[in-house]
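Trainee: My structure is below; once you've seen it, I'll send some questions.
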Amino acid sequence: MNRSMKELADVGLNLIAGEPMSQHTTLGIGGPAEWYAEVFSVPQLVSLLNYTQEKNKPLFFLGAGSNLLVSDSGIPGIVARMRGEFEVLSFLQGDRVRAGSSVFLPNLVKQCADRSLGGIEALAGVPGTVGGALVMNAGTRELEIGAVVQSVEVLRDGNLEILNKENLRFGYRSSSLAGSILCFATLELKTGNKEDILRAIQKFLAHRLKTQPVGSQNVGSVFRNPKGHFAGELIEKAGLKGRRIGNALVSPKHANFIVNCGGATARDVQSLISEIQRTVQEKFGVALEPEIKIVGFLNP
């Protein structure tokens with residue numbers, strides 16, 4: 001056993017060959033990861049990084065799989081899912097909460113509400129994890145998560161480094177955290193009336209249920225909103241609502257969602273994305289940019 005493999009074994013980290021990514025994405029699509037690992041602690045994460053660097057293997061961090069289109073051929077290298085201490089939520093003094101990067105956003109909102117902490121009600125129905133949400137500054141028209149960040153903890157050179165909000169930049173579906181290994185985030189919330197907070201959450205969830213294909217296998221909003229436009233409106237005006245390729249369908253409920261009707265392939269989805277982009281460009285002269293991340297052997 002070489003040094004790097006021994007280091008993985010010493011910290012109890014196992015690599016699994018051929019794990020199907022279709023089981024780890026909300027779209028239910030994706031071929032196998034070459035190697036898959038669940039990482040439960042910072043020491044395990046450090047060991048995995050050392051291993052990937054020594055073996056020159058690509059490393060992809062998987063969150064909730066809610067913003068992801070994975071190739072039918074799968075993902076080369078190692079796919080890592082952060083579990084254990086990265087799923088822990090800690091309530092700090094005052095109105096602050098420290099969340100691991102793999103805390104599920106709806107769980108964060110609900111647990112905070114249970115402690116009369118609000119300010120993030122609009123994120124209640126946003127799928128994904130805290131880490132993924134911060135990297136892309138996920139959110140709604142009412143709130144983006146970057147607005148409530150006090151600090152983040154990223155892994156650099158084997159150690160956790162704290163970055164305060166003054167050192168962070170958040171834009172529309174973007175942040176300065178892209179490329180960082182984000183482990184924890186401290187959020188600054190607001191104390192409020194628990195019942196008012198829960199009512200607000202229900203209001204946002206009801207609106208999402210009414211306007212989006214909740215409960216279906218989908219990948220969330222497929223395209224970013226171009227400046228001065230809403231992607232869903234452009235797609236609908238282009239006559240593409242309900243358009244289907246293979247088993248991938250432009251949702252009749254919201255045109256900026258693509259639904260897996262059952263057995264759809266990544267190629268089906270990518271073909272539908274390309275047709276939408278081409279048609280909207282031809283009809284309105286607007287270039288639609290994907291909000292989702294496309295990984296594997298596809299040609300985005």
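Going by the structure tokens order, chains are called A, B, ..., each with residues numbered from 1, while ligands are numbered from 1 in the order shown.
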Any chance you could list, as a ChimeraX atom specification, the residues in segment 4-135 of chain A that come up helix (DSSP H, G or I) when DSSP is run on the backbone?

Mentor: /A:4-10,21-24,42-55,84-87,105-114,121-123,130-135

Trainee: Now that the selection is made, can you save its residues with N, CA and C atoms as a tab-separated table (two decimals), in the first residue's frame?

Mentor:
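Output file part34.tsv is given in full below:
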```tsv
chain	number	residue	atom	x	y	z
A	4	SER	N	-0.11	7.41	0.10
A	4	SER	CA	-1.39	8.12	0.04
A	4	SER	C	-2.56	7.18	0.30
A	5	MET	N	-2.49	5.93	-0.19
A	5	MET	CA	-3.55	4.97	0.08
A	5	MET	C	-3.60	4.63	1.57
A	6	LYS	N	-2.43	4.50	2.19
A	6	LYS	CA	-2.37	4.22	3.62
A	6	LYS	C	-2.98	5.37	4.42
A	7	GLU	N	-2.71	6.60	3.95
A	7	GLU	CA	-3.26	7.77	4.64
A	7	GLU	C	-4.78	7.76	4.61
A	8	LEU	N	-5.37	7.36	3.47
A	8	LEU	CA	-6.83	7.25	3.38
A	8	LEU	C	-7.35	6.20	4.34
A	9	ALA	N	-6.68	5.04	4.37
A	9	ALA	CA	-7.11	3.94	5.24
A	9	ALA	C	-7.00	4.34	6.71
A	10	ASP	N	-5.95	5.08	7.05
A	10	ASP	CA	-5.73	5.48	8.45
A	10	ASP	C	-6.84	6.37	8.98
A	21	MET	N	-24.29	8.13	-10.49
A	21	MET	CA	-24.64	9.50	-10.10
A	21	MET	C	-26.14	9.78	-10.24
A	22	SER	N	-26.85	8.92	-10.96
A	22	SER	CA	-28.30	9.08	-11.08
A	22	SER	C	-28.97	8.97	-9.71
A	23	GLN	N	-28.30	8.29	-8.77
A	23	GLN	CA	-28.86	8.15	-7.43
A	23	GLN	C	-28.55	9.35	-6.54
A	24	HIS	N	-27.77	10.28	-7.05
A	24	HIS	CA	-27.32	11.42	-6.25
A	24	HIS	C	-27.69	12.77	-6.87
A	42	VAL	N	-12.78	17.05	8.63
A	42	VAL	CA	-11.72	17.83	8.01
A	42	VAL	C	-10.46	16.99	7.79
A	43	PRO	N	-10.02	16.16	8.78
A	43	PRO	CA	-8.85	15.30	8.53
A	43	PRO	C	-9.04	14.37	7.33
A	44	GLN	N	-10.24	13.81	7.18
A	44	GLN	CA	-10.50	12.96	6.02
A	44	GLN	C	-10.40	13.77	4.73
A	45	LEU	N	-10.93	14.99	4.76
A	45	LEU	CA	-10.89	15.85	3.58
A	45	LEU	C	-9.45	16.17	3.19
A	46	VAL	N	-8.62	16.48	4.17
A	46	VAL	CA	-7.21	16.78	3.92
A	46	VAL	C	-6.52	15.57	3.29
A	47	SER	N	-6.79	14.38	3.83
A	47	SER	CA	-6.19	13.16	3.29
A	47	SER	C	-6.62	12.91	1.84
A	48	LEU	N	-7.89	13.16	1.57
A	48	LEU	CA	-8.39	12.96	0.20
A	48	LEU	C	-7.73	13.94	-0.77
A	49	LEU	N	-7.58	15.17	-0.35
A	49	LEU	CA	-6.91	16.16	-1.20
A	49	LEU	C	-5.46	15.76	-1.47
A	50	ASN	N	-4.77	15.28	-0.44
A	50	ASN	CA	-3.39	14.82	-0.63
A	50	ASN	C	-3.34	13.67	-1.63
A	51	TYR	N	-4.31	12.78	-1.51
A	51	TYR	CA	-4.36	11.61	-2.41
A	51	TYR	C	-4.59	12.05	-3.86
A	52	THR	N	-5.57	12.94	-4.08
A	52	THR	CA	-5.88	13.36	-5.44
A	52	THR	C	-4.71	14.12	-6.07
A	53	GLN	N	-4.01	14.89	-5.25
A	53	GLN	CA	-2.87	15.62	-5.78
A	53	GLN	C	-1.73	14.68	-6.14
A	54	GLU	N	-1.49	13.69	-5.28
A	54	GLU	CA	-0.42	12.74	-5.54
A	54	GLU	C	-0.71	11.89	-6.77
A	55	LYS	N	-2.00	11.50	-6.93
A	55	LYS	CA	-2.39	10.64	-8.04
A	55	LYS	C	-2.80	11.45	-9.28
A	84	GLY	N	-21.12	13.94	7.78
A	84	GLY	CA	-20.63	14.08	9.14
A	84	GLY	C	-20.63	15.50	9.68
A	85	GLU	N	-19.46	16.00	10.06
A	85	GLU	CA	-19.38	17.33	10.68
A	85	GLU	C	-19.78	18.43	9.70
A	86	PHE	N	-19.80	18.14	8.41
A	86	PHE	CA	-20.19	19.14	7.42
A	86	PHE	C	-21.71	19.25	7.29
A	87	GLU	N	-22.44	18.38	8.02
A	87	GLU	CA	-23.91	18.43	8.01
A	87	GLU	C	-24.45	19.00	9.33
A	105	LEU	N	-30.49	23.32	2.67
A	105	LEU	CA	-31.07	24.65	2.89
A	105	LEU	C	-32.46	24.63	3.53
A	106	PRO	N	-33.41	23.83	3.03
A	106	PRO	CA	-34.72	23.81	3.69
A	106	PRO	C	-34.64	23.42	5.18
A	107	ASN	N	-33.70	22.52	5.53
A	107	ASN	CA	-33.52	22.15	6.93
A	107	ASN	C	-32.97	23.32	7.74
A	108	LEU	N	-32.05	24.06	7.14
A	108	LEU	CA	-31.50	25.25	7.80
A	108	LEU	C	-32.62	26.23	8.13
A	109	VAL	N	-33.46	26.52	7.15
A	109	VAL	CA	-34.55	27.49	7.35
A	109	VAL	C	-35.49	27.02	8.44
A	110	LYS	N	-35.85	25.73	8.41
A	110	LYS	CA	-36.81	25.20	9.38
A	110	LYS	C	-36.22	25.18	10.80
A	111	GLN	N	-34.99	24.73	10.95
A	111	GLN	CA	-34.40	24.66	12.29
A	111	GLN	C	-34.19	26.06	12.87
A	112	CYS	N	-33.86	27.01	12.03
A	112	CYS	CA	-33.73	28.40	12.50
A	112	CYS	C	-35.09	28.94	12.93
A	113	ALA	N	-36.11	28.66	12.14
A	113	ALA	CA	-37.46	29.12	12.48
A	113	ALA	C	-37.91	28.55	13.82
A	114	ASP	N	-37.57	27.29	14.09
A	114	ASP	CA	-37.93	26.66	15.35
A	114	ASP	C	-37.31	27.36	16.56
A	121	GLU	N	-36.41	33.25	5.31
A	121	GLU	CA	-37.63	32.53	4.98
A	121	GLU	C	-37.75	32.28	3.47
A	122	ALA	N	-37.28	33.22	2.66
A	122	ALA	CA	-37.42	33.11	1.21
A	122	ALA	C	-36.61	31.96	0.62
A	123	LEU	N	-35.69	31.41	1.41
A	123	LEU	CA	-34.86	30.30	0.93
A	123	LEU	C	-35.48	28.94	1.24
A	130	VAL	N	-25.87	24.39	1.78
A	130	VAL	CA	-25.33	25.70	2.10
A	130	VAL	C	-24.09	26.00	1.25
A	131	GLY	N	-23.21	25.01	1.11
A	131	GLY	CA	-21.98	25.23	0.35
A	131	GLY	C	-22.26	25.56	-1.10
A	132	GLY	N	-23.07	24.73	-1.74
A	132	GLY	CA	-23.41	24.98	-3.14
A	132	GLY	C	-24.13	26.29	-3.32
A	133	ALA	N	-25.03	26.61	-2.38
A	133	ALA	CA	-25.78	27.86	-2.47
A	133	ALA	C	-24.87	29.07	-2.37
A	134	LEU	N	-23.86	29.00	-1.49
A	134	LEU	CA	-22.94	30.12	-1.32
A	134	LEU	C	-22.05	30.32	-2.55
A	135	VAL	N	-21.58	29.23	-3.11
A	135	VAL	CA	-20.69	29.34	-4.27
A	135	VAL	C	-21.41	30.04	-5.43
```

Trainee: Record the distance separating atom CA of Arg267 of chain A and atom CA of His229 of chain A, expressed in Å with one decimal.

Mentor: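 These two atoms are separated by 27.3 Å.
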
Trainee: Could you pull the residues within 8 Å of segment 142-153 of chain A, counting only C-alpha atoms, minus those fewer than 3 positions along the same chain, as a list of chain:residue names?

Mentor: A:Gly119, A:Ile120, A:Ala122, A:Leu123, A:Ala133, A:Leu134, A:Asn137, A:Ala138, A:Gly139, A:Leu160, A:Glu161, A:Ile162, A:Leu163, A:Asn164, A:Lys165, A:Phe170, A:Leu182, A:Cys183, A:Phe184, A:Ala185, A:Thr186, A:Leu187, A:Glu188, A:Leu189

Trainee: For Val219 of chain A, which residue out of A:Lys194, A:Lys293, A:Arg141, A:Lys203 is the nearest one, using only C-alpha atoms?

Mentor: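 Among the listed residues, A:Lys293 lies closest to Val219 of chain A.
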
Trainee: Considering only C-alpha atoms, state which residue in the set A:Ser176, A:Gly31, A:Arg244, A:Glu282 is at the smallest distance from Asp72 of chain A.

Mentor: A:Gly31

Trainee: At a cut-off of 8 Å, using only C-alpha atoms, what residues contact Ile276 of chain A? Leave out same-chain residues fewer than 3 positions from it and give the result as a list in words.

Mentor: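 The residues that qualify are Ile235, Leu240, Leu272, Ile273, Thr279 and Val280 of chain A.
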
Trainee: Give me the residues near Lys227 of chain A as a PyMOL selection string, where near means some atom within 12 Å (using only C-alpha atoms) and where sequence neighbours in that chain fewer than 2 positions away do not count.

Mentor: chain A and resi 172+224-225+229-231+286-289

Trainee: Take the residues from that selection and put them in a file with all heavy atoms, as a PDB file, in the first residue's frame.

Mentor:
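Dumped everything to selection-v3.pdb:
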```pdb
ATOM      1  N   TYR A 172     -25.014  38.113  -9.005  1.00  0.00           N
ATOM      2  CA  TYR A 172     -26.140  37.298  -9.441  1.00  0.00           C
ATOM      3  C   TYR A 172     -25.626  35.921  -9.852  1.00  0.00           C
ATOM      4  O   TYR A 172     -24.878  35.788 -10.807  1.00  0.00           O
ATOM      5  CB  TYR A 172     -26.879  37.969 -10.600  1.00  0.00           C
ATOM      6  CG  TYR A 172     -27.960  37.087 -11.205  1.00  0.00           C
ATOM      7  CD1 TYR A 172     -29.059  36.697 -10.429  1.00  0.00           C
ATOM      8  CD2 TYR A 172     -27.872  36.625 -12.506  1.00  0.00           C
ATOM      9  CE1 TYR A 172     -30.045  35.866 -10.949  1.00  0.00           C
ATOM     10  CE2 TYR A 172     -28.849  35.799 -13.045  1.00  0.00           C
ATOM     11  CZ  TYR A 172     -29.931  35.431 -12.258  1.00  0.00           C
ATOM     12  OH  TYR A 172     -30.910  34.598 -12.777  1.00  0.00           O
ATOM     13  N   ARG A 224     -29.937  31.151 -16.282  1.00  0.00           N
ATOM     14  CA  ARG A 224     -29.903  32.420 -15.567  1.00  0.00           C
ATOM     15  C   ARG A 224     -30.859  33.391 -16.246  1.00  0.00           C
ATOM     16  O   ARG A 224     -31.093  33.295 -17.455  1.00  0.00           O
ATOM     17  CB  ARG A 224     -28.496  33.024 -15.611  1.00  0.00           C
ATOM     18  CG  ARG A 224     -27.410  32.177 -14.972  1.00  0.00           C
ATOM     19  CD  ARG A 224     -26.042  32.723 -15.355  1.00  0.00           C
ATOM     20  NE  ARG A 224     -24.975  31.858 -14.862  1.00  0.00           N
ATOM     21  CZ  ARG A 224     -24.227  32.153 -13.796  1.00  0.00           C
ATOM     22  NH1 ARG A 224     -24.410  33.296 -13.164  1.00  0.00           N
ATOM     23  NH2 ARG A 224     -23.294  31.326 -13.389  1.00  0.00           N
ATOM     24  N   ASN A 225     -31.393  34.336 -15.490  1.00  0.00           N
ATOM     25  CA  ASN A 225     -32.208  35.375 -16.095  1.00  0.00           C
ATOM     26  C   ASN A 225     -31.304  36.390 -16.780  1.00  0.00           C
ATOM     27  O   ASN A 225     -30.465  37.011 -16.127  1.00  0.00           O
ATOM     28  CB  ASN A 225     -33.059  36.083 -15.038  1.00  0.00           C
ATOM     29  CG  ASN A 225     -34.172  35.202 -14.521  1.00  0.00           C
ATOM     30  OD1 ASN A 225     -34.780  34.439 -15.262  1.00  0.00           O
ATOM     31  ND2 ASN A 225     -34.459  35.293 -13.230  1.00  0.00           N
ATOM     32  N   HIS A 229     -34.657  40.552 -18.514  1.00  0.00           N
ATOM     33  CA  HIS A 229     -35.604  39.513 -18.928  1.00  0.00           C
ATOM     34  C   HIS A 229     -35.711  38.432 -17.855  1.00  0.00           C
ATOM     35  O   HIS A 229     -34.852  38.321 -16.984  1.00  0.00           O
ATOM     36  CB  HIS A 229     -35.138  38.838 -20.226  1.00  0.00           C
ATOM     37  CG  HIS A 229     -34.989  39.753 -21.386  1.00  0.00           C
ATOM     38  ND1 HIS A 229     -36.042  40.158 -22.177  1.00  0.00           N
ATOM     39  CD2 HIS A 229     -33.873  40.359 -21.902  1.00  0.00           C
ATOM     40  CE1 HIS A 229     -35.593  40.958 -23.131  1.00  0.00           C
ATOM     41  NE2 HIS A 229     -34.291  41.104 -22.981  1.00  0.00           N
ATOM     42  N   PHE A 230     -36.776  37.634 -17.978  1.00  0.00           N
ATOM     43  CA  PHE A 230     -36.893  36.403 -17.209  1.00  0.00           C
ATOM     44  C   PHE A 230     -36.787  35.248 -18.193  1.00  0.00           C
ATOM     45  O   PHE A 230     -37.510  35.208 -19.201  1.00  0.00           O
ATOM     46  CB  PHE A 230     -38.212  36.338 -16.444  1.00  0.00           C
ATOM     47  CG  PHE A 230     -38.301  37.323 -15.312  1.00  0.00           C
ATOM     48  CD1 PHE A 230     -39.181  38.393 -15.384  1.00  0.00           C
ATOM     49  CD2 PHE A 230     -37.496  37.191 -14.189  1.00  0.00           C
ATOM     50  CE1 PHE A 230     -39.258  39.309 -14.350  1.00  0.00           C
ATOM     51  CE2 PHE A 230     -37.562  38.108 -13.156  1.00  0.00           C
ATOM     52  CZ  PHE A 230     -38.444  39.171 -13.227  1.00  0.00           C
ATOM     53  N   ALA A 231     -35.875  34.321 -17.912  1.00  0.00           N
ATOM     54  CA  ALA A 231     -35.627  33.219 -18.840  1.00  0.00           C
ATOM     55  C   ALA A 231     -36.907  32.432 -19.133  1.00  0.00           C
ATOM     56  O   ALA A 231     -37.189  32.085 -20.283  1.00  0.00           O
ATOM     57  CB  ALA A 231     -34.549  32.295 -18.278  1.00  0.00           C
ATOM     58  N   VAL A 286     -31.525  37.053 -27.709  1.00  0.00           N
ATOM     59  CA  VAL A 286     -31.037  36.956 -26.321  1.00  0.00           C
ATOM     60  C   VAL A 286     -30.320  35.621 -26.140  1.00  0.00           C
ATOM     61  O   VAL A 286     -30.858  34.563 -26.486  1.00  0.00           O
ATOM     62  CB  VAL A 286     -32.192  37.076 -25.312  1.00  0.00           C
ATOM     63  CG1 VAL A 286     -31.668  36.909 -23.881  1.00  0.00           C
ATOM     64  CG2 VAL A 286     -32.904  38.416 -25.457  1.00  0.00           C
ATOM     65  N   ALA A 287     -29.109  35.683 -25.601  1.00  0.00           N
ATOM     66  CA  ALA A 287     -28.348  34.462 -25.338  1.00  0.00           C
ATOM     67  C   ALA A 287     -28.649  33.975 -23.925  1.00  0.00           C
ATOM     68  O   ALA A 287     -28.411  34.702 -22.951  1.00  0.00           O
ATOM     69  CB  ALA A 287     -26.855  34.728 -25.493  1.00  0.00           C
ATOM     70  N   LEU A 288     -29.179  32.770 -23.810  1.00  0.00           N
ATOM     71  CA  LEU A 288     -29.471  32.183 -22.505  1.00  0.00           C
ATOM     72  C   LEU A 288     -28.255  31.416 -22.012  1.00  0.00           C
ATOM     73  O   LEU A 288     -27.718  30.556 -22.714  1.00  0.00           O
ATOM     74  CB  LEU A 288     -30.679  31.246 -22.583  1.00  0.00           C
ATOM     75  CG  LEU A 288     -32.047  31.896 -22.786  1.00  0.00           C
ATOM     76  CD1 LEU A 288     -33.129  30.821 -22.825  1.00  0.00           C
ATOM     77  CD2 LEU A 288     -32.349  32.910 -21.686  1.00  0.00           C
ATOM     78  N   GLU A 289     -27.847  31.721 -20.784  1.00  0.00           N
ATOM     79  CA  GLU A 289     -26.686  31.070 -20.185  1.00  0.00           C
ATOM     80  C   GLU A 289     -27.163  30.078 -19.124  1.00  0.00           C
ATOM     81  O   GLU A 289     -27.939  30.432 -18.231  1.00  0.00           O
ATOM     82  CB  GLU A 289     -25.788  32.121 -19.534  1.00  0.00           C
ATOM     83  CG  GLU A 289     -24.541  31.568 -18.902  1.00  0.00           C
ATOM     84  CD  GLU A 289     -23.727  32.648 -18.210  1.00  0.00           C
ATOM     85  OE1 GLU A 289     -24.032  33.844 -18.397  1.00  0.00           O
ATOM     86  OE2 GLU A 289     -22.799  32.292 -17.467  1.00  0.00           O
TER      87      GLU A 289
END
```

Trainee: Enumerate the residues of segment 13-233 of chain A with a DSSP assignment of strand (DSSP E or B), computed from the backbone, and present them as a VMD selection string.

Mentor: chain A and resid 16 to 17 20 32 to 39 59 to 62 68 to 70 75 to 82 89 to 91 96 to 100 104 117 to 118 129 139 144 149 to 156 159 to 164 170 to 171 174 to 175 182 to 188 190 to 191 217 to 218 223

Trainee: Gly30 of chain A: which residues within 12 Å, counting only C-alpha atoms, same-chain residues fewer than 5 positions away excluded, as JSON, numbers by chain?

Mentor: {"A": [18, 19, 20, 21, 22, 23, 24, 25, 65, 68, 69, 70, 71, 72, 73, 74, 75, 260, 263, 264, 265, 266, 267, 268, 269, 294, 295, 296, 297, 298]}
